[in-house]
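Q: This structure is in structure tokens; I'll ask about it shortly.
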Amino acid sequence: MNLKFAVRLVALVLMVAAFAYADPYPGSGVFMVGDLWETVYPTGVSNKTGGIPHYQETPGDATKVWNLVRLGNLERQWTTPTMMYPAWSDQNIPWGHNIEMIEYSPDPINNFTTATDPRAKNYVYGVYRPLVKGTVQNDNAAVYDSKRSMQTYTASFPTNLGINVKMRVRGFANNFANLNDVLFYEYELTNTGVLDANGDGVAEKTDNKINALTLSARHEVVGSVTNNNAGRRGLLGGAGGQSEGFDNSPDANGDPWAVPVVFQGIPTASLTTTKTFTVKGKTIKVPWAADGARNLGITHSAKAAYQDTYAGDSFIAVKQGKMDDGSTAPDKKTIFDSPPIGTGRERGWYISVSKGYGNDDHFPYENHTLAMGTFYANGGKVYNRTTFDTNPDPNYFNVTAPGTKSGNPLTFVPKPAGQRGRPEGSMKYNGWDGQTSTQNWELGNPNPDDDWIDGYSRTHGYDGDMYVGAGPFSLGVGETITITMIEYAGFRLQGVRNAVKTARWVYDNNYNVPSLPAAPEIKVDPTTDVKIAVKWDDKAEQDANFAGYKVYRSKAFPQNNSLELGVRTMDRYTEQTDPSQDLKSFGQPNNPNISFTAGYRSQDPGSWGPWKLVANVPKANLASALNADADKTVYKYAWKDASDLVAFGYTYWYYVAAYSARSGSVAGKAYTTTESGHVNVNGATGDWTGTYNFAVASAFYPKDFTGLKNLGANFVLKAPLADAARLVSGALKVSVKPNPYKQRALHDVGTEHKLLFYNLPTGTKITIFDVSGQIIDQLSFTGTNPQDGTLFWDMFSKDGTEVQSGLYVYLAEYPGGKQTGYFSIIR
């Protein structure tokens, strides 16, 4: 068996094996509608029979189940998005990202714990186990609306606490005002009274009151993690300085922003000095690095490009009643008679934010303490789990009230209304104080309103998770409450501030967001002159306010200066209206404190962007964009990208947005148009189909044209599949490039060397001769992909030896005819 045949046989076996795989996470919801991608997998779905439990959990063991919902990284390989930002990239922000629900009871409730701490018996995780009585229902995927402007995922399941959980997650496509940088999670919790704490199917109580319930988001801070070309875990991106924090700075109204964040700082070894800023009359002293050593915003160390991504989770509402009762429903107060979150000058007062401990630590006592830590004297305010002070916070409570017991929140007595101060038992207000365990690079901005002047930050060394918690809440038997959480990401602190501001506006408006035209169905085709035709349908014109279409392009070459065309352009690139505009002018300001002698690396473009507007077709000019090809009944319009930047063998990404003449405002920001999102990159459906569009080595990567289109696969420009009749008539010729081949071609990757034959119809046989007439190799083309009438030759003979420099003859035989040609190789 010669070498070439063996290689092809192995490839065939692998291809057949690939189709034997099935989606390993049935019932999960993958959000791809906006700029923040995420996987939602409730444990009511993952832990049921046929589901796939968390890689650290064992549903059959009551002591080894603790998550209510898993958010990405389902198997320690990131095979589905995990707080992926930017969208369509290969970059996930956290390691672990999960939701925990924990109950405290003054009487022992956890009689199955193996912990020796005597407090452990009073705390138990709220989870689903297979024997818990009740029904699990869920969507099989995150579902789009008819316009592909919103995605929704719902699930419902019982828990061991007797709390039935109904959840709904929503994301939006609209890039305006950072709306597509947020995901909304609604948790509707109903207490049935049926307590089955160990989840064995036998109830301990049927009239159980929930005493002090917390809900928390747990985020393992690592900087970022990439995916490789198999769609699995690539490189860990934190190289020191990965940080969490809470932005308590005043907004334009003087109210706290109250935004928990994770971000990438710089290695703490570089913090060799301090710097003092005075902003709005407040003095802030922070650790600092010398000039030339402030390489800020490197979200992934191996890429070393400027990205400056911030992200986070927070709670924005807790209401009495069901989720469909909306934002006007009465607040559900905590057991301490406080608002659930806090509004106005008290915004964020009653949520808890702290750094937790070991990444694999799952102690309900400890995590409940962190989740309601703000109400304790020290519920995580000091980073030392051995020094928790679970007496009541003296600002809010009457600490000398009779009956008050440390560690029993049911005995805490609030001060009279009007005398209650801000509870400060979590890390939220610790500040910076020049300590090297803290970093704050959002100071010294041209606009002082952009500065981070209040709150805290703390660096991580892969030594603990960030906790953001709400509660504690009581639930009587039959009572229902709805807790609303948000997840967000953006460019710099200002990006996530704007995302959270918009999220609060969206919630207050009961999710009545600006209407978008439908995202067009698109197709990207090569043309016979080796350019690119972008085609789309007309469904968006059903919108009464339809005003036109925009075509955006991202290209794989050249690499970008990330300080000019990186993540900074993502929030405003849709403001482009004319292809002549400079995309750099639509970028947000970079951090003014950057001083990096070594310099940032260039950034690889991709399906994430940067998105350059290449065509604007207003409604009045649609006749100029009519498609004349055979597929015009499906794709009414076509635009040809004949730019000199469109070159054979290079990779491209396109999407078509429809826009309207609709106007209004979002979170105080006015708009005069709305525009569909980028769910249709390279013809993608926007649905998760098992892997990423770049993961060519994944078992789920499709091999057929339809599958590749639905995935939004990278589009490499080749000649289309030829019509044999055109070759017979002489209207088209089989060709080869480059000719001559000189050492390397544009389409070569790594150390490979290849010639490309193109304009081939199905059933073409190519015989290659040397000038003496000896057969060097024979190739067969049986392709059926309409976008690909090409065939590579690796320049090895049929005997497996590499061919030498010289002149060669080829004979192309195809249905109805044949053609000869010549090429030369110069090594």
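Numbering starts fresh at 1 for the residues of each chain in the structure tokens, the chains themselves are lettered A, B, ... in the order given, and ligands are numbered from 1 as they appear.
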DSSP on the backbone, then: every residue of stretch 467-706 of chain A marked helix (DSSP H, G or I), written as a VMD selection string.
A: chain A and resid 492 to 508 539 to 542 562 to 565 567 to 569 573 to 575 583 to 586 619 to 625 630 to 633 681 to 683 705 to 706
Q: Might you pull out every residue within 9 Å of A:Gln559, with only C-alpha atoms counted and same-chain residues fewer than 4 positions away left off, and present them as a list in words?
A: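 Near neighbours after the sequence-gap exclusion: Ser602, Gln603, Asp604 and Pro605 of chain A.
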Q: With N, CA, C and O atoms retained, write the just-selected residues as a PDB file, in the first residue's frame.
A:
```
ATOM      1  N   SER A 602      -0.448  41.754  16.934  1.00  0.00           N
ATOM      2  CA  SER A 602      -1.570  41.953  16.022  1.00  0.00           C
ATOM      3  C   SER A 602      -2.627  40.902  16.322  1.00  0.00           C
ATOM      4  O   SER A 602      -2.342  39.815  16.837  1.00  0.00           O
ATOM      5  N   GLN A 603      -3.851  41.233  15.988  1.00  0.00           N
ATOM      6  CA  GLN A 603      -4.979  40.358  16.300  1.00  0.00           C
ATOM      7  C   GLN A 603      -5.510  39.710  15.028  1.00  0.00           C
ATOM      8  O   GLN A 603      -5.648  40.370  13.991  1.00  0.00           O
ATOM      9  N   ASP A 604      -5.806  38.413  15.114  1.00  0.00           N
ATOM     10  CA  ASP A 604      -6.381  37.720  13.966  1.00  0.00           C
ATOM     11  C   ASP A 604      -7.831  38.131  13.790  1.00  0.00           C
ATOM     12  O   ASP A 604      -8.633  37.979  14.720  1.00  0.00           O
ATOM     13  N   PRO A 605      -8.208  38.613  12.614  1.00  0.00           N
ATOM     14  CA  PRO A 605      -9.633  38.823  12.344  1.00  0.00           C
ATOM     15  C   PRO A 605     -10.340  37.471  12.279  1.00  0.00           C
ATOM     16  O   PRO A 605      -9.705  36.411  12.266  1.00  0.00           O
TER      17      PRO A 605
END
```
Q: DSSP on the backbone, then: every residue of stretch 654-727 of chain A marked strand (DSSP E), written as a ChimeraX atom specification.
A: /A:654-660,664-666,669-671,715-716
Q: Take the selection from the previous step and output its residues with N, CA, C and O atoms, as a PDB file, in the first residue's frame.
A:
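After the write, result33.pdb holds the following:
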```pdb
ATOM      1  N   TYR A 654     -19.041  37.041   5.887  1.00  0.00           N
ATOM      2  CA  TYR A 654     -19.999  38.088   5.523  1.00  0.00           C
ATOM      3  C   TYR A 654     -21.275  37.898   6.334  1.00  0.00           C
ATOM      4  O   TYR A 654     -21.621  36.777   6.720  1.00  0.00           O
ATOM      5  N   TYR A 655     -21.946  38.994   6.567  1.00  0.00           N
ATOM      6  CA  TYR A 655     -23.342  38.874   6.993  1.00  0.00           C
ATOM      7  C   TYR A 655     -24.127  40.062   6.441  1.00  0.00           C
ATOM      8  O   TYR A 655     -23.557  41.120   6.127  1.00  0.00           O
ATOM      9  N   VAL A 656     -25.418  39.850   6.276  1.00  0.00           N
ATOM     10  CA  VAL A 656     -26.318  40.868   5.749  1.00  0.00           C
ATOM     11  C   VAL A 656     -27.301  41.242   6.850  1.00  0.00           C
ATOM     12  O   VAL A 656     -27.938  40.362   7.450  1.00  0.00           O
ATOM     13  N   ALA A 657     -27.400  42.533   7.119  1.00  0.00           N
ATOM     14  CA  ALA A 657     -28.357  43.049   8.093  1.00  0.00           C
ATOM     15  C   ALA A 657     -29.435  43.833   7.368  1.00  0.00           C
ATOM     16  O   ALA A 657     -29.146  44.559   6.404  1.00  0.00           O
ATOM     17  N   ALA A 658     -30.649  43.682   7.816  1.00  0.00           N
ATOM     18  CA  ALA A 658     -31.741  44.534   7.341  1.00  0.00           C
ATOM     19  C   ALA A 658     -31.935  45.657   8.347  1.00  0.00           C
ATOM     20  O   ALA A 658     -31.809  45.440   9.556  1.00  0.00           O
ATOM     21  N   TYR A 659     -32.229  46.861   7.847  1.00  0.00           N
ATOM     22  CA  TYR A 659     -32.439  47.971   8.782  1.00  0.00           C
ATOM     23  C   TYR A 659     -33.763  48.667   8.506  1.00  0.00           C
ATOM     24  O   TYR A 659     -34.332  48.558   7.413  1.00  0.00           O
ATOM     25  N   SER A 660     -34.228  49.359   9.532  1.00  0.00           N
ATOM     26  CA  SER A 660     -35.535  50.012   9.463  1.00  0.00           C
ATOM     27  C   SER A 660     -35.390  51.516   9.670  1.00  0.00           C
ATOM     28  O   SER A 660     -34.322  52.004  10.048  1.00  0.00           O
ATOM     29  N   GLY A 664     -36.678  55.824  18.408  1.00  0.00           N
ATOM     30  CA  GLY A 664     -37.074  55.722  19.806  1.00  0.00           C
ATOM     31  C   GLY A 664     -35.863  55.883  20.691  1.00  0.00           C
ATOM     32  O   GLY A 664     -34.868  56.518  20.294  1.00  0.00           O
ATOM     33  N   SER A 665     -35.896  55.293  21.883  1.00  0.00           N
ATOM     34  CA  SER A 665     -34.737  55.383  22.775  1.00  0.00           C
ATOM     35  C   SER A 665     -34.656  54.125  23.629  1.00  0.00           C
ATOM     36  O   SER A 665     -35.665  53.470  23.898  1.00  0.00           O
ATOM     37  N   VAL A 666     -33.443  53.789  24.026  1.00  0.00           N
ATOM     38  CA  VAL A 666     -33.160  52.678  24.929  1.00  0.00           C
ATOM     39  C   VAL A 666     -32.277  53.205  26.046  1.00  0.00           C
ATOM     40  O   VAL A 666     -31.191  53.748  25.779  1.00  0.00           O
ATOM     41  N   LYS A 669     -30.841  56.510  25.475  1.00  0.00           N
ATOM     42  CA  LYS A 669     -30.046  56.710  24.274  1.00  0.00           C
ATOM     43  C   LYS A 669     -30.959  56.627  23.052  1.00  0.00           C
ATOM     44  O   LYS A 669     -31.624  55.612  22.834  1.00  0.00           O
ATOM     45  N   ALA A 670     -30.987  57.690  22.251  1.00  0.00           N
ATOM     46  CA  ALA A 670     -31.904  57.773  21.123  1.00  0.00           C
ATOM     47  C   ALA A 670     -31.378  57.011  19.914  1.00  0.00           C
ATOM     48  O   ALA A 670     -30.175  56.968  19.661  1.00  0.00           O
ATOM     49  N   TYR A 671     -32.293  56.424  19.159  1.00  0.00           N
ATOM     50  CA  TYR A 671     -31.933  55.758  17.909  1.00  0.00           C
ATOM     51  C   TYR A 671     -32.892  56.204  16.807  1.00  0.00           C
ATOM     52  O   TYR A 671     -34.045  56.573  17.075  1.00  0.00           O
ATOM     53  N   PHE A 715     -15.479  30.781   5.025  1.00  0.00           N
ATOM     54  CA  PHE A 715     -15.610  30.723   3.571  1.00  0.00           C
ATOM     55  C   PHE A 715     -14.242  30.984   2.939  1.00  0.00           C
ATOM     56  O   PHE A 715     -13.714  32.102   3.011  1.00  0.00           O
ATOM     57  N   VAL A 716     -13.659  29.946   2.353  1.00  0.00           N
ATOM     58  CA  VAL A 716     -12.394  30.073   1.637  1.00  0.00           C
ATOM     59  C   VAL A 716     -12.718  30.225   0.163  1.00  0.00           C
ATOM     60  O   VAL A 716     -13.390  29.371  -0.431  1.00  0.00           O
TER      61      VAL A 716
END
```
Q: Neighbours of A:Lys285 within 6 Å (only C-alpha atoms; same-chain residues fewer than 4 positions away dropped), as a ChimeraX atom specification?
A: /A:275-276,433-434
Q: Considering only C-alpha atoms, return as a ChimeraX atom specification whatever protein or nucleic-acid residues lie within 9 Å of stretch 530-537 of chain A, sequence-local ones (same chain, fewer than 4 positions apart) excluded.
A: /A:520-526,551,627,632-643,646-648,654-656,682-683,717-720
Q: For a test of reading the model, state the distance in Å between atom CA of A:Phe757 and atom CA of A:Pro815, rounded to one decimal.
A: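 According to the coordinates, atom CA of A:Phe757 and atom CA of A:Pro815 are separated by 16.7 Å.
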Q: Find the residues near stretch 166-172 of chain A: any atom within 8 Å, counting only C-alpha atoms, skip ones fewer than 2 places away on the same chain, and give them as a ChimeraX atom specification.
A: /A:31,33-34,149-157,164,174,179-180,182-189
Q: Any chance you could export the current selection's N, CA and C atoms as a JSON list (two decimals), in the first residue's frame?
A:
```json
[["chain", "number", "residue", "atom", "x", "y", "z"],
["A", 31, "PHE", "N", -26.90, 29.91, 23.53],
["A", 31, "PHE", "CA", -27.29, 31.24, 23.08],
["A", 31, "PHE", "C", -26.24, 31.80, 22.13],
["A", 33, "VAL", "N", -27.43, 34.47, 19.78],
["A", 33, "VAL", "CA", -28.16, 35.54, 19.12],
["A", 33, "VAL", "C", -27.42, 36.87, 19.15],
["A", 34, "GLY", "N", -26.59, 37.08, 20.17],
["A", 34, "GLY", "CA", -25.95, 38.37, 20.33],
["A", 34, "GLY", "C", -24.44, 38.29, 20.33],
["A", 149, "SER", "N", -34.38, 37.72, 16.13],
["A", 149, "SER", "CA", -33.96, 38.89, 16.90],
["A", 149, "SER", "C", -33.87, 38.60, 18.39],
["A", 150, "MET", "N", -34.40, 37.46, 18.82],
["A", 150, "MET", "CA", -34.37, 37.07, 20.22],
["A", 150, "MET", "C", -34.30, 35.56, 20.31],
["A", 151, "GLN", "N", -33.58, 35.06, 21.32],
["A", 151, "GLN", "CA", -33.52, 33.64, 21.62],
["A", 151, "GLN", "C", -34.06, 33.42, 23.03],
["A", 152, "THR", "N", -34.79, 32.33, 23.21],
["A", 152, "THR", "CA", -35.38, 32.01, 24.51],
["A", 152, "THR", "C", -35.16, 30.54, 24.82],
["A", 153, "TYR", "N", -34.90, 30.26, 26.08],
["A", 153, "TYR", "CA", -34.79, 28.87, 26.55],
["A", 153, "TYR", "C", -35.58, 28.76, 27.84],
["A", 154, "THR", "N", -36.40, 27.71, 27.97],
["A", 154, "THR", "CA", -37.17, 27.50, 29.19],
["A", 154, "THR", "C", -36.97, 26.08, 29.70],
["A", 155, "ALA", "N", -37.09, 25.93, 31.00],
["A", 155, "ALA", "CA", -37.02, 24.62, 31.64],
["A", 155, "ALA", "C", -37.73, 24.71, 32.97],
["A", 156, "SER", "N", -38.23, 23.57, 33.45],
["A", 156, "SER", "CA", -38.82, 23.51, 34.78],
["A", 156, "SER", "C", -38.51, 22.15, 35.38],
["A", 157, "PHE", "N", -38.30, 22.14, 36.69],
["A", 157, "PHE", "CA", -37.93, 20.90, 37.35],
["A", 157, "PHE", "C", -38.11, 21.05, 38.86],
["A", 164, "ASN", "N", -40.14, 24.05, 43.33],
["A", 164, "ASN", "CA", -40.21, 23.82, 41.89],
["A", 164, "ASN", "C", -39.61, 25.03, 41.18],
["A", 174, "ASN", "N", -30.02, 42.84, 18.99],
["A", 174, "ASN", "CA", -29.84, 44.27, 18.74],
["A", 174, "ASN", "C", -28.53, 44.77, 19.32],
["A", 179, "LEU", "N", -27.35, 46.10, 24.03],
["A", 179, "LEU", "CA", -28.41, 45.15, 24.36],
["A", 179, "LEU", "C", -27.99, 43.72, 24.05],
["A", 180, "ASN", "N", -27.20, 43.53, 22.99],
["A", 180, "ASN", "CA", -26.79, 42.15, 22.65],
["A", 180, "ASN", "C", -25.59, 41.67, 23.46],
["A", 182, "VAL", "N", -25.97, 41.20, 26.78],
["A", 182, "VAL", "CA", -26.60, 40.78, 28.03],
["A", 182, "VAL", "C", -27.46, 39.55, 27.80],
["A", 183, "LEU", "N", -27.48, 38.65, 28.78],
["A", 183, "LEU", "CA", -28.45, 37.56, 28.85],
["A", 183, "LEU", "C", -29.26, 37.73, 30.14],
["A", 184, "PHE", "N", -30.56, 37.48, 30.04],
["A", 184, "PHE", "CA", -31.48, 37.64, 31.17],
["A", 184, "PHE", "C", -31.93, 36.26, 31.65],
["A", 185, "TYR", "N", -31.81, 36.01, 32.96],
["A", 185, "TYR", "CA", -32.22, 34.74, 33.56],
["A", 185, "TYR", "C", -33.33, 35.02, 34.57],
["A", 186, "GLU", "N", -34.47, 34.40, 34.37],
["A", 186, "GLU", "CA", -35.57, 34.51, 35.33],
["A", 186, "GLU", "C", -35.76, 33.15, 35.99],
["A", 187, "TYR", "N", -35.74, 33.14, 37.34],
["A", 187, "TYR", "CA", -35.94, 31.92, 38.12],
["A", 187, "TYR", "C", -37.23, 32.08, 38.92],
["A", 188, "GLU", "N", -38.25, 31.37, 38.50],
["A", 188, "GLU", "CA", -39.52, 31.37, 39.22],
["A", 188, "GLU", "C", -39.50, 30.19, 40.20],
["A", 189, "LEU", "N", -39.57, 30.51, 41.49],
["A", 189, "LEU", "CA", -39.41, 29.50, 42.55],
["A", 189, "LEU", "C", -40.71, 29.37, 43.33]]
```
Q: Give me, as a PyMOL selection string, all polymer residues having an atom no more than 9 Å from A:Arg385, counting only C-alpha atoms and skipping those fewer than 6 positions away in the same chain.
A: chain A and resi 356-357+366+379
